[in-house]
Amino acid sequence: MYRKACASGMQLIRRSVPTSRCLATSSSSSSSSQNQEQQQQPPPALRPRANAMTDEIIRVDHAGELGADRIYAGQMAILGNGPMGKTIEHMWEQEKCHRKQFEQLIQQHRVRPTIMTPIWNVAAFALGAGTALLGEKAAMACTVAVETVIVEHYNDQLRQIMESPNPDKELLETITKFRDEEQEHHDTGIDCGAEQAPFYKAMTEVIKFGCKTAIAISKKI
Ligand SMILES: [Fe+2]
Ligand SMILES: [Fe+2]
């Protein structure tokens with residue numbers, strides 16, 4: 001039952017969350033004409049230099065979305081041609097948009113990216129590909145674990161921004177939209193049989209711990 005839904009991608013629209021459109025000024029498409037368009041676009045307009053809280057939020061979210069992009073890239077490398085390919089690709093496209101948006105915010109607010117970027121790049125791809133090699137359900141278990149942590153993390157940030165003296169409305173809107181899409185990814189993972197993966201509990205706990213550690217490190221350095 002879940003296989004049928006997952007293979008057809010039907011579960012992706014069941015919560016009526018609109019298909020992601022990139023909030024960033026350029027699209028995530030890799031077609032050559034759009035790449036040319038991207039190259040011709042001026043850099044995003046500078047905005048006020050980020051305060052300590054915004055600086056931390058943008059740096060850690062940029063790292064997280066880069067990691068998510070690489071995790072789904074790893075999953076696609078192994079499972080892209082299989083029955084789960086379309087489902088994973090849909091989530092990957094959304095993660096590319098998330099990453100692009102935070103790349104734009106990093107430039108606009110002149111935030112320093114985490115020095116861990118090259119390590120997260122490799123580690124995240126290895127996590128995505130490694131779990132995918134264990135099978136589709138293990139890949140979905142990885143998705144559920146990562147997205148659980150990210151949804152909690154974004155909810156914490158939304159509270160933090162709303163409690164600040166001058167909430168950044170644009171950042172609130174961006175994080176709210178991405179939080180909803182991460183929740184959709186989590187639910188897709190469950191629908192696609194994550195909980196039936198071998199050693200589901202142990203695997204997800206280890207991955208959650210890894211994600212929380214990466215978040216704590218990326219906030220600061
Ligand atoms: Fe994301
Ligand atoms: Fe996600």
# chains A, B, ... in the order shown; residues from 1 in each chain; ligands from 1
call {"tool": "residues_near_ligand", "arguments": {"ligand": "ligand 2", "cutoff": "6 Å", "atoms": "only C-alpha atoms and all ligand atoms", "output": "JSON, numbers by chain"}}
result
{"A": [95, 147, 182, 185]}
call {"tool": "write_last_selection", "arguments": {"atoms": "C-alpha atoms", "output": "PDB file, in the first residue's frame"}}
result
ATOM      1  CA  GLU A  95      15.957  21.280  -0.215  1.00  0.00           C
ATOM      2  CA  GLU A 147      13.498  16.059   9.556  1.00  0.00           C
ATOM      3  CA  GLU A 182      10.416  19.645   6.466  1.00  0.00           C
ATOM      4  CA  HIS A 185       9.313  15.324   4.278  1.00  0.00           C
TER       5      HIS A 185
END
call {"tool": "residues_around", "arguments": {"residues": "Val206 of chain A", "least_positions_apart": "4", "cutoff": "12 Å", "atoms": "only C-alpha atoms", "output": "CSV table (one decimal) with N, CA and C atoms, in the first residue's frame"}}
result
chain,number,residue,atom,x,y,z
A,127,LEU,N,26.0,10.1,4.6
A,127,LEU,CA,24.8,9.7,5.4
A,127,LEU,C,23.7,9.3,4.5
A,141,ALA,N,14.0,6.1,7.0
A,141,ALA,CA,14.3,6.3,8.4
A,141,ALA,C,15.3,7.4,8.6
A,142,CYS,N,16.3,7.5,7.8
A,142,CYS,CA,17.2,8.7,7.8
A,142,CYS,C,16.5,10.0,7.7
A,145,ALA,N,14.5,10.8,10.8
A,145,ALA,CA,15.3,11.3,11.9
A,145,ALA,C,15.8,12.7,11.7
A,146,VAL,N,16.3,13.0,10.5
A,146,VAL,CA,16.8,14.3,10.2
A,146,VAL,C,15.7,15.4,10.2
A,149,VAL,N,14.5,16.4,13.7
A,149,VAL,CA,15.4,17.4,14.4
A,149,VAL,C,15.2,18.8,13.8
A,199,PHE,N,16.4,-2.0,12.7
A,199,PHE,CA,17.0,-1.2,13.7
A,199,PHE,C,16.6,0.3,13.7
A,200,TYR,N,15.3,0.5,13.3
A,200,TYR,CA,14.7,1.8,13.1
A,200,TYR,C,15.0,2.7,14.3
A,201,LYS,N,14.7,2.2,15.5
A,201,LYS,CA,14.9,3.1,16.7
A,201,LYS,C,16.3,3.5,16.9
A,202,ALA,N,17.2,2.5,16.9
A,202,ALA,CA,18.6,2.8,17.1
A,202,ALA,C,19.2,3.7,16.0
A,210,GLY,N,23.6,12.9,15.9
A,210,GLY,CA,24.5,13.5,15.0
A,210,GLY,C,24.0,14.9,14.5
A,211,CYS,N,22.7,15.0,14.1
A,211,CYS,CA,22.2,16.2,13.6
A,211,CYS,C,22.2,17.3,14.7
A,212,LYS,N,21.9,16.9,15.9
A,212,LYS,CA,21.9,17.9,17.0
A,212,LYS,C,23.3,18.4,17.3
A,213,THR,N,24.2,17.5,17.2
A,213,THR,CA,25.6,17.9,17.4
A,213,THR,C,26.1,18.9,16.3
call {"tool": "residues_near_ligand", "arguments": {"ligand": "ligand 1", "cutoff": "12 Å", "atoms": "only C-alpha atoms and all ligand atoms", "output": "PDB file with C-alpha atoms, in the first residue's frame"}}
result
ATOM      1  CA  SER A  20       7.813  24.595  -3.253  1.00  0.00           C
ATOM      2  CA  CYS A  22      12.114  29.066  -4.523  1.00  0.00           C
ATOM      3  CA  VAL A  60      23.207  27.290  11.315  1.00  0.00           C
ATOM      4  CA  ASP A  61      20.254  27.138   8.896  1.00  0.00           C
ATOM      5  CA  HIS A  62      22.550  27.582   5.915  1.00  0.00           C
ATOM      6  CA  ALA A  63      24.643  24.660   7.204  1.00  0.00           C
ATOM      7  CA  GLY A  64      21.522  22.575   7.824  1.00  0.00           C
ATOM      8  CA  GLU A  65      20.026  23.171   4.403  1.00  0.00           C
ATOM      9  CA  LEU A  66      23.350  22.446   2.728  1.00  0.00           C
ATOM     10  CA  GLY A  67      23.441  19.191   4.701  1.00  0.00           C
ATOM     11  CA  ALA A  68      19.869  18.351   3.674  1.00  0.00           C
ATOM     12  CA  ASP A  69      20.677  19.017   0.017  1.00  0.00           C
ATOM     13  CA  ARG A  70      23.661  16.652   0.251  1.00  0.00           C
ATOM     14  CA  ILE A  71      21.701  13.945   2.124  1.00  0.00           C
ATOM     15  CA  TYR A  72      19.063  13.824  -0.623  1.00  0.00           C
ATOM     16  CA  HIS A  90      10.675  16.046  -5.102  1.00  0.00           C
ATOM     17  CA  MET A  91      12.089  16.470  -1.586  1.00  0.00           C
ATOM     18  CA  TRP A  92      15.567  17.158  -2.982  1.00  0.00           C
ATOM     19  CA  GLU A  93      14.205  19.961  -5.191  1.00  0.00           C
ATOM     20  CA  GLN A  94      12.666  21.611  -2.141  1.00  0.00           C
ATOM     21  CA  GLU A  95      15.957  21.280  -0.215  1.00  0.00           C
ATOM     22  CA  LYS A  96      17.818  22.938  -3.093  1.00  0.00           C
ATOM     23  CA  CYS A  97      15.448  25.895  -2.794  1.00  0.00           C
ATOM     24  CA  HIS A  98      15.982  26.044   0.975  1.00  0.00           C
ATOM     25  CA  ARG A  99      19.751  26.002   0.487  1.00  0.00           C
ATOM     26  CA  LYS A 100      19.593  28.699  -2.182  1.00  0.00           C
ATOM     27  CA  GLN A 101      17.497  30.929   0.040  1.00  0.00           C
ATOM     28  CA  PHE A 102      19.989  30.713   2.915  1.00  0.00           C
ATOM     29  CA  THR A 143      14.780  11.226   6.403  1.00  0.00           C
ATOM     30  CA  VAL A 146      16.822  14.333  10.160  1.00  0.00           C
ATOM     31  CA  GLU A 147      13.498  16.059   9.556  1.00  0.00           C
ATOM     32  CA  THR A 148      12.328  15.483  13.141  1.00  0.00           C
ATOM     33  CA  VAL A 149      15.364  17.367  14.415  1.00  0.00           C
ATOM     34  CA  ILE A 150      15.038  20.112  11.799  1.00  0.00           C
ATOM     35  CA  VAL A 151      11.332  20.716  12.522  1.00  0.00           C
ATOM     36  CA  HIS A 153      15.050  23.294  15.465  1.00  0.00           C
ATOM     37  CA  TYR A 154      12.962  25.568  13.232  1.00  0.00           C
ATOM     38  CA  THR A 174      10.959  31.839   5.335  1.00  0.00           C
ATOM     39  CA  ILE A 175      11.491  29.578   8.336  1.00  0.00           C
ATOM     40  CA  THR A 176       7.758  28.913   8.701  1.00  0.00           C
ATOM     41  CA  LYS A 177       7.504  27.820   5.061  1.00  0.00           C
ATOM     42  CA  PHE A 178      10.592  25.628   5.297  1.00  0.00           C
ATOM     43  CA  ARG A 179       9.419  24.132   8.621  1.00  0.00           C
ATOM     44  CA  ASP A 180       6.158  23.092   6.935  1.00  0.00           C
ATOM     45  CA  GLU A 181       8.061  21.476   4.061  1.00  0.00           C
ATOM     46  CA  GLU A 182      10.416  19.645   6.466  1.00  0.00           C
ATOM     47  CA  GLN A 183       7.333  18.326   8.270  1.00  0.00           C
ATOM     48  CA  GLU A 184       6.010  17.128   4.910  1.00  0.00           C
ATOM     49  CA  HIS A 185       9.313  15.324   4.278  1.00  0.00           C
ATOM     50  CA  HIS A 186       9.095  13.695   7.705  1.00  0.00           C
TER      51      HIS A 186
END
call {"tool": "residues_around", "arguments": {"residues": "Lys219 of chain A", "least_positions_apart": "2", "cutoff": "7 Å", "atoms": "only C-alpha atoms", "output": "NGL selection string"}}
result
:A and (56 or 59-60 or 215-217 or 221)
call {"tool": "atom_distance", "arguments": {"atom1": "atom CA of Val111 of chain A", "atom2": "atom CA of Arg47 of chain A"}}
result
11.0 Å
call {"tool": "select_by_dssp", "arguments": {"residues": "segment 73-119 of chain A", "states": "helix (DSSP H, G or I)", "output": "PDB file with N, CA and C atoms, in the first residue's frame"}}
result
ATOM      1  N   ALA A  73      20.962  14.259  -2.114  1.00  0.00           N
ATOM      2  CA  ALA A  73      21.814  13.945  -3.275  1.00  0.00           C
ATOM      3  C   ALA A  73      22.382  12.529  -3.116  1.00  0.00           C
ATOM      4  N   GLY A  74      22.789  12.195  -1.906  1.00  0.00           N
ATOM      5  CA  GLY A  74      23.313  10.848  -1.640  1.00  0.00           C
ATOM      6  C   GLY A  74      22.251   9.779  -1.841  1.00  0.00           C
ATOM      7  N   GLN A  75      21.035  10.083  -1.391  1.00  0.00           N
ATOM      8  CA  GLN A  75      19.928   9.119  -1.578  1.00  0.00           C
ATOM      9  C   GLN A  75      19.624   8.941  -3.061  1.00  0.00           C
ATOM     10  N   MET A  76      19.623  10.055  -3.784  1.00  0.00           N
ATOM     11  CA  MET A  76      19.325   9.979  -5.220  1.00  0.00           C
ATOM     12  C   MET A  76      20.390   9.185  -5.968  1.00  0.00           C
ATOM     13  N   ALA A  77      21.663   9.315  -5.539  1.00  0.00           N
ATOM     14  CA  ALA A  77      22.749   8.596  -6.215  1.00  0.00           C
ATOM     15  C   ALA A  77      22.524   7.087  -6.151  1.00  0.00           C
ATOM     16  N   ILE A  78      21.900   6.632  -5.074  1.00  0.00           N
ATOM     17  CA  ILE A  78      21.695   5.189  -4.901  1.00  0.00           C
ATOM     18  C   ILE A  78      20.299   4.757  -5.364  1.00  0.00           C
ATOM     19  N   LEU A  79      19.286   5.553  -5.039  1.00  0.00           N
ATOM     20  CA  LEU A  79      17.895   5.122  -5.265  1.00  0.00           C
ATOM     21  C   LEU A  79      17.177   5.906  -6.368  1.00  0.00           C
ATOM     22  N   GLY A  85      12.526   6.981  -6.604  1.00  0.00           N
ATOM     23  CA  GLY A  85      13.258   8.095  -7.220  1.00  0.00           C
ATOM     24  C   GLY A  85      12.492   9.405  -7.266  1.00  0.00           C
ATOM     25  N   LYS A  86      11.239   9.341  -7.755  1.00  0.00           N
ATOM     26  CA  LYS A  86      10.441  10.565  -7.917  1.00  0.00           C
ATOM     27  C   LYS A  86      10.154  11.235  -6.569  1.00  0.00           C
ATOM     28  N   THR A  87       9.863  10.394  -5.572  1.00  0.00           N
ATOM     29  CA  THR A  87       9.554  10.920  -4.242  1.00  0.00           C
ATOM     30  C   THR A  87      10.767  11.630  -3.652  1.00  0.00           C
ATOM     31  N   ILE A  88      11.929  10.982  -3.751  1.00  0.00           N
ATOM     32  CA  ILE A  88      13.156  11.583  -3.203  1.00  0.00           C
ATOM     33  C   ILE A  88      13.513  12.846  -3.988  1.00  0.00           C
ATOM     34  N   GLU A  89      13.325  12.794  -5.289  1.00  0.00           N
ATOM     35  CA  GLU A  89      13.675  13.949  -6.118  1.00  0.00           C
ATOM     36  C   GLU A  89      12.837  15.176  -5.744  1.00  0.00           C
ATOM     37  N   HIS A  90      11.556  14.934  -5.487  1.00  0.00           N
ATOM     38  CA  HIS A  90      10.675  16.046  -5.102  1.00  0.00           C
ATOM     39  C   HIS A  90      11.190  16.723  -3.828  1.00  0.00           C
ATOM     40  N   MET A  91      11.585  15.900  -2.846  1.00  0.00           N
ATOM     41  CA  MET A  91      12.089  16.470  -1.586  1.00  0.00           C
ATOM     42  C   MET A  91      13.425  17.169  -1.829  1.00  0.00           C
ATOM     43  N   TRP A  92      14.258  16.568  -2.681  1.00  0.00           N
ATOM     44  CA  TRP A  92      15.567  17.158  -2.982  1.00  0.00           C
ATOM     45  C   TRP A  92      15.403  18.544  -3.611  1.00  0.00           C
ATOM     46  N   GLU A  93      14.439  18.665  -4.545  1.00  0.00           N
ATOM     47  CA  GLU A  93      14.205  19.961  -5.191  1.00  0.00           C
ATOM     48  C   GLU A  93      13.849  21.024  -4.152  1.00  0.00           C
ATOM     49  N   GLN A  94      13.030  20.651  -3.178  1.00  0.00           N
ATOM     50  CA  GLN A  94      12.666  21.611  -2.141  1.00  0.00           C
ATOM     51  C   GLN A  94      13.899  21.989  -1.306  1.00  0.00           C
ATOM     52  N   GLU A  95      14.746  20.988  -1.004  1.00  0.00           N
ATOM     53  CA  GLU A  95      15.957  21.280  -0.215  1.00  0.00           C
ATOM     54  C   GLU A  95      16.906  22.195  -0.981  1.00  0.00           C
ATOM     55  N   LYS A  96      16.957  22.048  -2.305  1.00  0.00           N
ATOM     56  CA  LYS A  96      17.818  22.938  -3.093  1.00  0.00           C
ATOM     57  C   LYS A  96      17.328  24.380  -2.973  1.00  0.00           C
ATOM     58  N   CYS A  97      16.014  24.544  -2.967  1.00  0.00           N
ATOM     59  CA  CYS A  97      15.448  25.895  -2.794  1.00  0.00           C
ATOM     60  C   CYS A  97      15.788  26.447  -1.414  1.00  0.00           C
ATOM     61  N   HIS A  98      15.660  25.597  -0.384  1.00  0.00           N
ATOM     62  CA  HIS A  98      15.982  26.044   0.975  1.00  0.00           C
ATOM     63  C   HIS A  98      17.442  26.500   1.036  1.00  0.00           C
ATOM     64  N   ARG A  99      18.317  25.684   0.456  1.00  0.00           N
ATOM     65  CA  ARG A  99      19.751  26.002   0.487  1.00  0.00           C
ATOM     66  C   ARG A  99      20.023  27.327  -0.233  1.00  0.00           C
ATOM     67  N   LYS A 100      19.388  27.477  -1.389  1.00  0.00           N
ATOM     68  CA  LYS A 100      19.593  28.699  -2.182  1.00  0.00           C
ATOM     69  C   LYS A 100      19.132  29.929  -1.407  1.00  0.00           C
ATOM     70  N   GLN A 101      18.010  29.797  -0.723  1.00  0.00           N
ATOM     71  CA  GLN A 101      17.497  30.929   0.040  1.00  0.00           C
ATOM     72  C   GLN A 101      18.476  31.334   1.142  1.00  0.00           C
ATOM     73  N   PHE A 102      19.057  30.353   1.840  1.00  0.00           N
ATOM     74  CA  PHE A 102      19.989  30.713   2.915  1.00  0.00           C
ATOM     75  C   PHE A 102      21.329  31.169   2.361  1.00  0.00           C
ATOM     76  N   GLU A 103      21.696  30.722   1.170  1.00  0.00           N
ATOM     77  CA  GLU A 103      22.909  31.266   0.538  1.00  0.00           C
ATOM     78  C   GLU A 103      22.708  32.751   0.245  1.00  0.00           C
ATOM     79  N   GLN A 104      21.488  33.079  -0.167  1.00  0.00           N
ATOM     80  CA  GLN A 104      21.173  34.482  -0.437  1.00  0.00           C
ATOM     81  C   GLN A 104      21.196  35.303   0.861  1.00  0.00           C
ATOM     82  N   LEU A 105      20.604  34.750   1.921  1.00  0.00           N
ATOM     83  CA  LEU A 105      20.563  35.472   3.196  1.00  0.00           C
ATOM     84  C   LEU A 105      21.967  35.667   3.772  1.00  0.00           C
ATOM     85  N   ILE A 106      22.829  34.670   3.572  1.00  0.00           N
ATOM     86  CA  ILE A 106      24.220  34.780   4.047  1.00  0.00           C
ATOM     87  C   ILE A 106      24.909  35.975   3.396  1.00  0.00           C
ATOM     88  N   GLN A 107      24.668  36.127   2.086  1.00  0.00           N
ATOM     89  CA  GLN A 107      25.277  37.258   1.365  1.00  0.00           C
ATOM     90  C   GLN A 107      24.647  38.576   1.795  1.00  0.00           C
ATOM     91  N   GLN A 108      23.316  38.582   1.856  1.00  0.00           N
ATOM     92  CA  GLN A 108      22.615  39.832   2.161  1.00  0.00           C
ATOM     93  C   GLN A 108      22.984  40.381   3.530  1.00  0.00           C
ATOM     94  N   THR A 117      31.656  23.728   6.899  1.00  0.00           N
ATOM     95  CA  THR A 117      30.960  23.471   5.627  1.00  0.00           C
ATOM     96  C   THR A 117      31.532  22.304   4.821  1.00  0.00           C
ATOM     97  N   PRO A 118      32.867  22.243   4.593  1.00  0.00           N
ATOM     98  CA  PRO A 118      33.388  21.126   3.771  1.00  0.00           C
ATOM     99  C   PRO A 118      33.138  19.762   4.427  1.00  0.00           C
ATOM    100  N   ILE A 119      33.183  19.749   5.755  1.00  0.00           N
ATOM    101  CA  ILE A 119      32.980  18.459   6.460  1.00  0.00           C
ATOM    102  C   ILE A 119      31.509  18.052   6.378  1.00  0.00           C
TER     103      ILE A 119
END
